[in-house]
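Trainee: Structure file upload-v2.txt, compact mmCIF, C-alpha atoms, is pasted below:
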# COMPACT_ATOMS: atom_id res chain seq x y z
CA MET A 25 -12.87 -52.85 -39.40
CA SER A 26 -13.96 -49.49 -38.08
CA ASP A 27 -12.67 -46.40 -39.75
CA VAL A 28 -10.72 -44.31 -37.26
CA SER A 29 -9.95 -40.89 -38.63
CA ILE A 30 -8.32 -37.84 -37.10
CA PRO A 31 -10.09 -34.56 -37.82
CA ILE A 32 -7.93 -32.41 -40.03
CA ASN A 33 -9.00 -29.20 -38.33
CA GLN A 34 -8.32 -30.47 -34.78
CA THR A 35 -4.88 -28.87 -34.65
CA GLU A 36 -6.23 -25.64 -36.08
CA ASN A 37 -9.03 -25.54 -33.51
CA PHE A 38 -6.54 -26.11 -30.70
CA ARG A 39 -4.34 -23.30 -31.97
CA THR A 40 -7.34 -20.99 -32.23
CA GLN A 41 -8.46 -21.77 -28.67
CA ASN A 42 -4.93 -21.33 -27.39
CA SER A 43 -4.66 -17.96 -29.11
CA LEU A 44 -7.99 -16.86 -27.65
CA THR A 45 -6.78 -17.84 -24.17
CA LYS A 46 -3.60 -15.82 -24.63
CA TYR A 47 -5.41 -12.72 -25.81
CA LYS A 48 -8.30 -13.05 -23.37
CA ILE A 49 -6.38 -10.88 -20.92
CA LEU A 50 -6.43 -8.04 -23.44
CA LYS A 51 -10.24 -7.96 -23.28
CA ASN A 52 -10.21 -7.42 -19.51
CA PRO A 53 -9.09 -3.84 -18.70
CA LYS A 54 -8.31 -4.67 -15.07
CA GLN A 55 -6.06 -7.59 -15.98
CA LEU A 56 -4.43 -5.57 -18.75
CA ILE A 57 -3.65 -2.70 -16.37
CA THR A 58 -2.29 -5.17 -13.81
CA LEU A 59 -0.06 -6.72 -16.46
CA ILE A 60 1.25 -3.32 -17.56
CA VAL A 61 1.92 -2.23 -13.97
CA MET A 62 3.77 -5.47 -13.20
CA LEU A 63 5.82 -5.06 -16.36
CA ILE A 64 6.77 -1.49 -15.41
CA ILE A 65 7.72 -2.59 -11.89
CA CYS A 66 9.90 -5.40 -13.23
CA LEU A 67 11.62 -3.19 -15.81
CA CYS A 68 12.22 -0.29 -13.42
CA GLY A 69 13.36 -2.62 -10.65
CA ALA A 70 15.77 -4.41 -12.95
CA ALA A 71 17.14 -1.13 -14.31
CA LEU A 72 17.58 0.22 -10.79
CA VAL A 73 19.54 -2.84 -9.67
CA LEU A 74 21.74 -2.77 -12.77
CA ILE A 75 22.57 0.90 -12.27
CA LEU A 76 23.15 0.58 -8.51
CA PHE A 77 25.66 -2.24 -9.00
CA ASP A 78 27.32 -0.47 -11.94
CA TRP A 79 26.37 -3.24 -14.34
CA ILE A 80 25.18 -0.41 -16.57
CA LYS A 81 27.80 2.29 -16.93
CA LEU A 82 26.37 5.78 -17.17
CA GLY A 83 29.53 7.80 -16.87
CA SER A 84 29.42 10.54 -14.25
CA GLU A 85 28.10 10.11 -10.71
CA LYS A 86 25.50 12.81 -11.32
CA LYS A 87 24.08 10.96 -14.30
CA LYS A 88 24.00 7.74 -12.33
CA ALA A 89 22.24 9.45 -9.41
CA PHE A 90 19.79 11.04 -11.85
CA TRP A 91 18.61 7.73 -13.30
CA ILE A 92 18.53 6.07 -9.88
CA GLU A 93 16.22 8.86 -8.78
CA ILE A 94 14.02 8.51 -11.88
CA PHE A 95 13.46 4.78 -11.47
CA SER A 96 13.09 5.09 -7.70
CA GLN A 97 10.42 7.75 -8.08
CA ILE A 98 8.53 5.66 -10.65
CA LEU A 99 8.50 2.64 -8.33
CA ASN A 100 7.59 4.77 -5.33
CA GLY A 101 4.75 6.39 -7.27
CA ILE A 102 3.34 3.03 -8.35
CA PHE A 103 3.45 1.55 -4.85
CA THR A 104 1.95 4.72 -3.38
CA VAL A 105 -0.99 4.47 -5.79
CA LEU A 106 -1.42 0.76 -5.02
CA THR A 107 -1.40 1.53 -1.29
CA LEU A 108 -4.08 4.19 -1.75
CA ILE A 109 -6.20 1.82 -3.84
CA ASN A 110 -6.01 -0.87 -1.13
CA PHE A 111 -6.26 1.57 1.77
CA ARG A 112 -9.91 0.86 2.63
CA ALA A 113 -9.51 -2.90 2.22
CA ARG A 114 -6.66 -2.88 4.73
CA VAL A 115 -7.85 -0.33 7.27
CA ILE A 116 -11.57 -1.11 7.54
CA PRO A 117 -11.16 -4.83 8.47
CA PHE A 118 -8.49 -3.79 10.98
CA VAL A 119 -10.86 -1.35 12.69
CA ILE A 120 -13.83 -3.74 12.59
CA ALA A 121 -11.76 -6.60 14.03
CA ILE A 122 -10.88 -4.40 17.02
CA GLN A 123 -14.54 -3.38 17.42
CA LEU A 124 -15.76 -6.99 17.35
CA LEU A 125 -13.08 -8.23 19.74
CA VAL A 126 -14.07 -5.51 22.20
CA PHE A 127 -17.75 -6.28 21.58
CA LYS A 128 -17.22 -9.99 22.27
CA GLY A 129 -15.20 -9.20 25.37
CA ILE A 130 -17.93 -6.95 26.78
CA ASN A 131 -20.67 -9.48 26.00
CA ASN A 132 -18.73 -12.34 27.56
CA GLU A 133 -18.13 -10.22 30.64
CA ASN A 134 -21.82 -9.38 30.94
CA ASP A 135 -22.93 -12.95 30.37
CA LYS A 136 -20.42 -15.09 32.24
CA ASN A 137 -22.81 -18.03 32.50
CA ASN A 138 -22.96 -18.45 28.73
CA GLU A 139 -19.70 -19.96 27.51
CA ILE A 140 -20.68 -19.88 23.83
CA PHE A 141 -20.83 -16.46 22.20
CA SER A 142 -24.11 -15.85 20.36
CA PRO A 143 -23.70 -13.55 17.35
CA THR A 144 -26.05 -10.59 17.34
CA ALA A 145 -27.38 -8.64 14.35
CA TYR A 146 -24.65 -6.06 14.92
CA TYR A 147 -21.96 -8.74 14.98
CA ILE A 148 -23.25 -10.43 11.80
CA LYS A 149 -23.46 -7.09 10.00
CA LYS A 150 -19.86 -6.29 10.87
CA GLN A 151 -18.74 -9.75 9.75
CA LYS A 152 -20.35 -9.17 6.36
CA LEU A 153 -18.54 -5.85 6.10
CA ILE A 154 -15.22 -7.57 6.75
CA LYS A 155 -15.93 -10.09 3.98
CA LYS A 156 -16.71 -7.23 1.61
CA TYR A 157 -13.13 -6.00 1.90
CA THR A 158 -11.35 -9.27 2.70
CA ASN A 159 -12.14 -12.08 0.28
CA TRP A 160 -9.97 -14.66 2.09
CA TYR A 161 -11.68 -14.26 5.45
CA ASP A 162 -14.11 -16.89 6.74
CA GLU A 163 -15.15 -16.68 10.38
CA ARG A 164 -15.49 -20.47 10.54
CA TYR A 165 -11.75 -20.95 10.02
CA VAL A 166 -10.16 -17.57 10.73
CA SER A 167 -10.36 -15.96 14.15
CA LEU A 168 -10.71 -12.23 14.62
CA SER A 169 -7.35 -12.22 16.37
CA TYR A 170 -5.72 -13.76 13.29
CA LEU A 171 -7.44 -11.23 11.05
CA LEU A 172 -6.25 -8.42 13.29
CA LEU A 173 -2.70 -9.77 13.18
CA VAL A 174 -2.68 -9.89 9.37
CA HIS A 175 -4.09 -6.40 9.01
CA SER A 176 -1.70 -5.07 11.63
CA PHE A 177 1.06 -5.89 9.15
CA TRP A 178 -0.94 -4.19 6.39
CA ILE A 179 -1.25 -1.09 8.58
CA LEU A 180 2.50 -1.22 9.15
CA ASN A 181 2.92 -1.48 5.39
CA ILE A 182 0.76 1.61 4.86
CA LEU A 183 2.68 3.62 7.45
CA SER A 184 6.06 2.63 6.04
CA GLN A 185 4.92 3.45 2.51
CA ALA A 186 3.69 6.83 3.73
CA SER A 187 7.06 7.41 5.37
CA LEU A 188 8.86 6.40 2.19
CA THR A 189 6.71 8.68 0.05
CA THR A 190 7.27 11.60 2.43
CA LEU A 191 11.02 11.11 2.24
CA MET A 192 11.04 10.67 -1.53
CA TRP A 193 8.82 13.63 -2.34
CA GLY A 194 9.66 15.89 0.58
CA PHE A 195 13.45 15.90 0.50
CA SER A 196 15.91 16.43 -2.33
CA SER A 197 18.46 13.92 -3.57
CA TYR A 198 22.18 14.55 -3.96
CA ASP A 199 24.98 12.68 -5.66
CA LYS A 200 28.21 11.55 -4.01
CA ASN A 201 29.88 14.85 -4.84
CA GLY A 202 27.26 16.79 -2.90
CA ASP A 203 25.55 18.22 -5.98
CA ILE A 204 21.78 18.29 -6.04
CA VAL A 205 20.24 15.80 -8.47
CA PHE A 206 16.53 16.37 -7.94
CA SER A 207 15.02 19.28 -6.07
CA MET A 208 11.85 18.27 -4.26
CA ILE A 209 9.66 20.15 -1.76
CA THR A 210 12.63 21.08 0.41
CA SER A 211 16.30 21.34 -0.48
CA LYS A 212 17.29 19.32 2.59
CA ARG A 213 19.20 16.13 1.90
CA ARG A 214 17.17 12.95 1.97
CA SER A 215 18.17 10.43 4.63
CA VAL A 216 19.31 7.26 2.88
CA THR A 217 19.15 5.34 6.17
CA LEU A 218 15.48 6.22 6.66
CA ILE A 219 14.76 5.36 3.03
CA TYR A 220 16.20 1.87 3.43
CA LEU A 221 14.50 1.42 6.79
CA SER A 222 11.08 2.40 5.44
CA LEU A 223 11.60 0.27 2.35
CA SER A 224 12.63 -2.76 4.42
CA ILE A 225 9.58 -2.44 6.67
CA ALA A 226 7.25 -1.96 3.69
CA ILE A 227 8.57 -5.04 1.89
CA SER A 228 8.82 -7.30 4.95
CA SER A 229 5.36 -6.39 6.30
CA SER A 230 3.81 -7.06 2.90
CA ILE A 231 5.55 -10.45 2.64
CA ILE A 232 4.54 -11.45 6.18
CA ALA A 233 0.89 -10.44 5.67
CA GLY A 234 0.78 -12.26 2.35
CA SER A 235 2.34 -15.35 3.92
CA PHE A 236 -0.26 -15.44 6.69
CA ILE A 237 -3.06 -15.16 4.14
CA GLY A 238 -1.46 -17.79 1.92
CA TYR A 239 -1.15 -20.15 4.89
CA LYS A 240 -4.86 -19.89 5.65
CA LEU A 241 -5.83 -20.33 2.00
CA TYR A 242 -3.61 -23.42 1.86
CA LYS A 243 -5.35 -24.86 4.92
CA PHE A 244 -8.77 -24.15 3.39
CA LYS A 245 -7.89 -26.16 0.30
CA ASN A 246 -6.61 -29.11 2.31
CA GLN A 247 -9.59 -29.38 4.64
Would you mind giving the structure from this file in C-alpha cells?
Mentor:
Amino acid sequence: MSDVSIPINQTENFRTQNSLTKYKILKNPKQLITLIVMLIICLCGAALVLILFDWIKLGSEKKKAFWIEIFSQILNGIFTVLTLINFRARVIPFVIAIQLLVFKGINNENDKNNEIFSPTAYYIKKQKLIKKYTNWYDERYVSLSYLLLVHSFWILNILSQASLTTLMWGFSSYDKNGDIVFSMITSKRRSVTLIYLSLSIAISSSIIAGSFIGYKLYKFKNQ
C-alpha cells in the first residue's frame, strides 16, 4: 500500500501566496494610486448622494450646501485631473483618424482603378502612432471610422468636463436662502441647469465610448 500523505505546510504556503497576491498591489505605485483615487471617488460620491437626499442631516441649509460644494469640488477636481492625464490619448487618435480618412479618400480619388488601398509609409507611421495612444485599436478589426466615432465621444467628454470645471471654478455657489456658500472667481450664481447638463453629457459620453470599446474587445476574444 502506498503512503499518501498531505504536506503539513501546504495550507500555510497557500495562505502566504494569497497574502502576497493581496499586497502585490501595494508594491505597484500606479495601481496603488488608482485604488486610492477610486476609493476617494466612491466615498465622496456616496457622501454627496446621502447629503443631497437628506439621508444625512446636517442642520441648516447653508451647512448642507457647504458640504455638497466640498464633495462636488473634490469629485470635479479628480475628474478634471483624469481628463488632463488622458487628454493626449483621446485627442491625438481623433486627429490622426481624420487625417488618415482624408488621406485614403484622396488616394482613392487619384487612383480609381485600384480598388484595394495600399498603405504607404506615411499611413503605417500614423497607424503606429494611433496604437501608441490606443491599446485596444487593431486596424485588422477596427475601421478608422469606428475609431473616429469612439474618440468623438471622448472629445465630447473632454468638452463637457471643461464646461463643468469652468462652471464649478468660475461661478460661486449659493444656498436656497440666497446666501453665498463658496466664493469662486466671480460672485455670479452658478447655473444648476448647466451643471447637470454638462455632468450628464460627461457621464453619458464616457459610458458610450467605453461601451463601444468593450464591444470590440469582446469581439476580439470571441474570434
Trainee: Considering only C-alpha atoms, state which residue in the set A:Gly101, A:Lys156, A:Ser197, A:Asn181 is at the smallest distance from A:Ala226.
Mentor: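 Ranking A:Gly101, A:Lys156, A:Ser197, A:Asn181 by distance to A:Ala226, first place goes to A:Asn181.
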Trainee: I'd like the contact shell of A:Leu72 - 7 Å cut-off, only C-alpha atoms, skipping same-chain residues fewer than 3 positions apart - returned as a PyMOL selection string.
Mentor: chain A and resi 68-69+75-76+92+95
Trainee: Compile the contact shell of A:Tyr165 as a ChimeraX atom specification: residues with an atom at most 9 Å away, counting only C-alpha atoms, same-chain residues fewer than 2 positions apart removed.
Mentor: /A:161-163,167,240,244
Trainee: Please write the residues from the selection above to a file, keeping C-alpha atoms, as a short mmCIF file (atom, residue, chain, number, x, y, z; two decimals), in the frame of the given file.
Mentor:
data_model
loop_
_atom_site.label_atom_id
_atom_site.label_comp_id
_atom_site.auth_asym_id
_atom_site.auth_seq_id
_atom_site.Cartn_x
_atom_site.Cartn_y
_atom_site.Cartn_z
CA TYR A 161 -11.68 -14.26 5.45
CA ASP A 162 -14.11 -16.89 6.74
CA GLU A 163 -15.15 -16.68 10.38
CA SER A 167 -10.36 -15.96 14.15
CA LYS A 240 -4.86 -19.89 5.65
CA PHE A 244 -8.77 -24.15 3.39
#
Trainee: Grab the atom CA of A:Leu153 to atom CA of A:Ala113 distance for me, in Å with one decimal place.
Mentor: 10.3 Å
Trainee: Which residues are near A:Phe90? Cut-off 10 Å, all atoms listed in the file, ignore same chain within fewer than 5 positions. Put them as a PyMOL selection string.
Mentor: chain A and resi 82+84-85+95-96+197-199+204-206
Trainee: Can you tell me how far atom CA of A:Leu108 sits from atom CA of A:Ile182, in Å to one decimal?
Mentor: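 Interatomic distance, atom CA of A:Leu108 to atom CA of A:Ile182: 8.6 Å.
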Trainee: Within 10 Å of A:Gln97, counting only C-alpha atoms, which residues show up once you throw out same-chain ones fewer than 6 positions away? Write them as a JSON list (two decimals) with C-alpha atoms, in the frame of the given file, please.
Mentor:
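What follows is the written file result_24.json:
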[["chain", "number", "residue", "atom", "x", "y", "z"],
["A", 68, "CYS", "CA", 12.22, -0.29, -13.42],
["A", 91, "TRP", "CA", 18.61, 7.73, -13.30],
["A", 103, "PHE", "CA", 3.45, 1.55, -4.85],
["A", 189, "THR", "CA", 6.71, 8.68, 0.05],
["A", 192, "MET", "CA", 11.04, 10.67, -1.53],
["A", 193, "TRP", "CA", 8.82, 13.63, -2.34]]
Trainee: Nearest to A:Ala186 among A:Tyr157, A:Phe111, A:Phe77, A:Phe118, with distances taken over only C-alpha atoms: which residue is it?
Mentor: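 So, comparing all the options, the nearest one is A:Phe111.
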Trainee: Which neighbours of A:Ser230 fall inside 9 Å, counting only C-alpha atoms, when residues of the same chain fewer than 3 positions from it are skipped, and could you give them as a CSV table (one decimal) with C-alpha atoms, in the frame of the given file?
Mentor:
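That gives us around-v5.csv:
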chain,number,residue,atom,x,y,z
A,177,PHE,CA,1.1,-5.9,9.2
A,178,TRP,CA,-0.9,-4.2,6.4
A,180,LEU,CA,2.5,-1.2,9.2
A,181,ASN,CA,2.9,-1.5,5.4
A,225,ILE,CA,9.6,-2.4,6.7
A,226,ALA,CA,7.2,-2.0,3.7
A,227,ILE,CA,8.6,-5.0,1.9
A,233,ALA,CA,0.9,-10.4,5.7
A,234,GLY,CA,0.8,-12.3,2.4
A,235,SER,CA,2.3,-15.4,3.9
Trainee: Ranking A:Ser187, A:Gln123, A:Thr107, A:Asn131 by minimum distance to A:Lys150 and counting all atoms listed in the file, which one comes first?
Mentor: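 Among A:Ser187, A:Gln123, A:Thr107, A:Asn131, it is A:Gln123 that comes nearest to A:Lys150.
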Trainee: In Å to one decimal, how far is atom CA of A:Ala71 from atom CA of A:Leu99?
Mentor: 11.2 Å
Trainee: Here is a test: counting all atoms listed in the file, which residue of A:Ile57, A:Ser184, A:Tyr147, A:Ser207 is nearest to A:Ser224?
Mentor: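 That would be A:Ser184, the residue with the smallest distance to A:Ser224.
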Trainee: Restricting the calculation to all atoms listed in the file, which member of A:Phe195, A:Tyr146, A:Tyr170, A:Trp79 is positioned closest to A:Ala121?
Mentor: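 Among the listed residues, A:Tyr170 lies closest to A:Ala121.
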Trainee: Which residue out of A:Leu56, A:Leu124, A:Leu188, A:Val73 has the minimum interatomic distance to A:Pro143 when all atoms listed in the file are used?
Mentor: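 Ranking A:Leu56, A:Leu124, A:Leu188, A:Val73 by distance to A:Pro143, first place goes to A:Leu124.
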Trainee: Would you mind writing stretch 171-182 of chain A with all heavy atoms, as a PDB file, keeping the file's coordinate frame?
Mentor:
ATOM      1  N   LEU A 171      -7.152 -12.305  12.007  1.00  0.00           N
ATOM      2  CA  LEU A 171      -7.440 -11.230  11.050  1.00  0.00           C
ATOM      3  C   LEU A 171      -6.777  -9.927  11.477  1.00  0.00           C
ATOM      4  O   LEU A 171      -6.186  -9.216  10.656  1.00  0.00           O
ATOM      5  CB  LEU A 171      -8.955 -11.030  10.942  1.00  0.00           C
ATOM      6  CG  LEU A 171      -9.428  -9.901  10.020  1.00  0.00           C
ATOM      7  CD1 LEU A 171      -9.245 -10.279   8.562  1.00  0.00           C
ATOM      8  CD2 LEU A 171     -10.889  -9.556  10.286  1.00  0.00           C
ATOM      9  N   LEU A 172      -6.861  -9.639  12.760  1.00  0.00           N
ATOM     10  CA  LEU A 172      -6.250  -8.420  13.290  1.00  0.00           C
ATOM     11  C   LEU A 172      -4.731  -8.450  13.128  1.00  0.00           C
ATOM     12  O   LEU A 172      -4.114  -7.436  12.788  1.00  0.00           O
ATOM     13  CB  LEU A 172      -6.616  -8.266  14.771  1.00  0.00           C
ATOM     14  CG  LEU A 172      -6.139  -6.985  15.464  1.00  0.00           C
ATOM     15  CD1 LEU A 172      -6.768  -5.756  14.826  1.00  0.00           C
ATOM     16  CD2 LEU A 172      -6.473  -7.036  16.952  1.00  0.00           C
ATOM     17  N   LEU A 173      -4.143  -9.621  13.337  1.00  0.00           N
ATOM     18  CA  LEU A 173      -2.700  -9.770  13.180  1.00  0.00           C
ATOM     19  C   LEU A 173      -2.272  -9.486  11.737  1.00  0.00           C
ATOM     20  O   LEU A 173      -1.321  -8.731  11.496  1.00  0.00           O
ATOM     21  CB  LEU A 173      -2.274 -11.189  13.582  1.00  0.00           C
ATOM     22  CG  LEU A 173      -0.796 -11.541  13.372  1.00  0.00           C
ATOM     23  CD1 LEU A 173       0.092 -10.687  14.264  1.00  0.00           C
ATOM     24  CD2 LEU A 173      -0.558 -13.027  13.630  1.00  0.00           C
ATOM     25  N   VAL A 174      -2.996 -10.085  10.791  1.00  0.00           N
ATOM     26  CA  VAL A 174      -2.680  -9.890   9.370  1.00  0.00           C
ATOM     27  C   VAL A 174      -2.788  -8.416   8.987  1.00  0.00           C
ATOM     28  O   VAL A 174      -1.888  -7.848   8.355  1.00  0.00           O
ATOM     29  CB  VAL A 174      -3.604 -10.744   8.482  1.00  0.00           C
ATOM     30  CG1 VAL A 174      -3.423 -10.376   7.004  1.00  0.00           C
ATOM     31  CG2 VAL A 174      -3.326 -12.222   8.685  1.00  0.00           C
ATOM     32  N   HIS A 175      -3.883  -7.798   9.402  1.00  0.00           N
ATOM     33  CA  HIS A 175      -4.090  -6.400   9.010  1.00  0.00           C
ATOM     34  C   HIS A 175      -3.232  -5.432   9.815  1.00  0.00           C
ATOM     35  O   HIS A 175      -3.057  -4.284   9.395  1.00  0.00           O
ATOM     36  CB  HIS A 175      -5.579  -6.055   9.103  1.00  0.00           C
ATOM     37  CG  HIS A 175      -6.357  -6.553   7.930  1.00  0.00           C
ATOM     38  ND1 HIS A 175      -6.573  -5.791   6.800  1.00  0.00           N
ATOM     39  CD2 HIS A 175      -6.922  -7.764   7.677  1.00  0.00           C
ATOM     40  CE1 HIS A 175      -7.258  -6.498   5.922  1.00  0.00           C
ATOM     41  NE2 HIS A 175      -7.485  -7.695   6.427  1.00  0.00           N
ATOM     42  N   SER A 176      -2.684  -5.892  10.913  1.00  0.00           N
ATOM     43  CA  SER A 176      -1.700  -5.070  11.630  1.00  0.00           C
ATOM     44  C   SER A 176      -0.447  -4.901  10.764  1.00  0.00           C
ATOM     45  O   SER A 176       0.153  -3.819  10.714  1.00  0.00           O
ATOM     46  CB  SER A 176      -1.325  -5.722  12.961  1.00  0.00           C
ATOM     47  OG  SER A 176      -2.429  -5.754  13.826  1.00  0.00           O
ATOM     48  N   PHE A 177      -0.085  -5.973  10.072  1.00  0.00           N
ATOM     49  CA  PHE A 177       1.060  -5.890   9.150  1.00  0.00           C
ATOM     50  C   PHE A 177       0.720  -5.019   7.945  1.00  0.00           C
ATOM     51  O   PHE A 177       1.583  -4.302   7.431  1.00  0.00           O
ATOM     52  CB  PHE A 177       1.490  -7.287   8.708  1.00  0.00           C
ATOM     53  CG  PHE A 177       2.278  -8.028   9.747  1.00  0.00           C
ATOM     54  CD1 PHE A 177       1.707  -9.074  10.454  1.00  0.00           C
ATOM     55  CD2 PHE A 177       3.585  -7.669  10.033  1.00  0.00           C
ATOM     56  CE1 PHE A 177       2.429  -9.759  11.428  1.00  0.00           C
ATOM     57  CE2 PHE A 177       4.322  -8.345  11.001  1.00  0.00           C
ATOM     58  CZ  PHE A 177       3.739  -9.389  11.705  1.00  0.00           C
ATOM     59  N   TRP A 178      -0.545  -5.071   7.495  1.00  0.00           N
ATOM     60  CA  TRP A 178      -0.940  -4.190   6.390  1.00  0.00           C
ATOM     61  C   TRP A 178      -0.903  -2.729   6.821  1.00  0.00           C
ATOM     62  O   TRP A 178      -0.519  -1.852   6.043  1.00  0.00           O
ATOM     63  CB  TRP A 178      -2.348  -4.546   5.894  1.00  0.00           C
ATOM     64  CG  TRP A 178      -2.448  -5.770   5.035  1.00  0.00           C
ATOM     65  CD1 TRP A 178      -3.363  -6.780   5.148  1.00  0.00           C
ATOM     66  CD2 TRP A 178      -1.628  -6.120   3.908  1.00  0.00           C
ATOM     67  NE1 TRP A 178      -3.153  -7.734   4.181  1.00  0.00           N
ATOM     68  CE2 TRP A 178      -2.096  -7.352   3.399  1.00  0.00           C
ATOM     69  CE3 TRP A 178      -0.536  -5.514   3.285  1.00  0.00           C
ATOM     70  CZ2 TRP A 178      -1.519  -7.985   2.305  1.00  0.00           C
ATOM     71  CZ3 TRP A 178       0.044  -6.148   2.192  1.00  0.00           C
ATOM     72  CH2 TRP A 178      -0.449  -7.362   1.715  1.00  0.00           C
ATOM     73  N   ILE A 179      -1.312  -2.458   8.057  1.00  0.00           N
ATOM     74  CA  ILE A 179      -1.250  -1.090   8.580  1.00  0.00           C
ATOM     75  C   ILE A 179       0.203  -0.628   8.655  1.00  0.00           C
ATOM     76  O   ILE A 179       0.540   0.514   8.306  1.00  0.00           O
ATOM     77  CB  ILE A 179      -1.914  -0.998   9.973  1.00  0.00           C
ATOM     78  CG1 ILE A 179      -3.415  -1.305   9.883  1.00  0.00           C
ATOM     79  CG2 ILE A 179      -1.688   0.379  10.592  1.00  0.00           C
ATOM     80  CD1 ILE A 179      -4.209  -0.333   9.045  1.00  0.00           C
ATOM     81  N   LEU A 180       1.068  -1.529   9.102  1.00  0.00           N
ATOM     82  CA  LEU A 180       2.500  -1.220   9.150  1.00  0.00           C
ATOM     83  C   LEU A 180       3.035  -0.939   7.754  1.00  0.00           C
ATOM     84  O   LEU A 180       3.863  -0.040   7.555  1.00  0.00           O
ATOM     85  CB  LEU A 180       3.250  -2.393   9.790  1.00  0.00           C
ATOM     86  CG  LEU A 180       4.750  -2.209  10.048  1.00  0.00           C
ATOM     87  CD1 LEU A 180       4.990  -1.052  11.010  1.00  0.00           C
ATOM     88  CD2 LEU A 180       5.352  -3.494  10.601  1.00  0.00           C
ATOM     89  N   ASN A 181       2.539  -1.692   6.786  1.00  0.00           N
ATOM     90  CA  ASN A 181       2.920  -1.480   5.390  1.00  0.00           C
ATOM     91  C   ASN A 181       2.488  -0.104   4.895  1.00  0.00           C
ATOM     92  O   ASN A 181       3.244   0.599   4.215  1.00  0.00           O
ATOM     93  CB  ASN A 181       2.302  -2.581   4.523  1.00  0.00           C
ATOM     94  CG  ASN A 181       2.609  -2.409   3.051  1.00  0.00           C
ATOM     95  OD1 ASN A 181       1.816  -1.828   2.309  1.00  0.00           O
ATOM     96  ND2 ASN A 181       3.745  -2.905   2.607  1.00  0.00           N
ATOM     97  N   ILE A 182       1.276   0.293   5.252  1.00  0.00           N
ATOM     98  CA  ILE A 182       0.760   1.610   4.860  1.00  0.00           C
ATOM     99  C   ILE A 182       1.595   2.730   5.473  1.00  0.00           C
ATOM    100  O   ILE A 182       1.968   3.698   4.796  1.00  0.00           O
ATOM    101  CB  ILE A 182      -0.722   1.755   5.278  1.00  0.00           C
ATOM    102  CG1 ILE A 182      -1.609   0.840   4.428  1.00  0.00           C
ATOM    103  CG2 ILE A 182      -1.193   3.204   5.143  1.00  0.00           C
ATOM    104  CD1 ILE A 182      -3.040   0.753   4.916  1.00  0.00           C
TER     105      ILE A 182
END
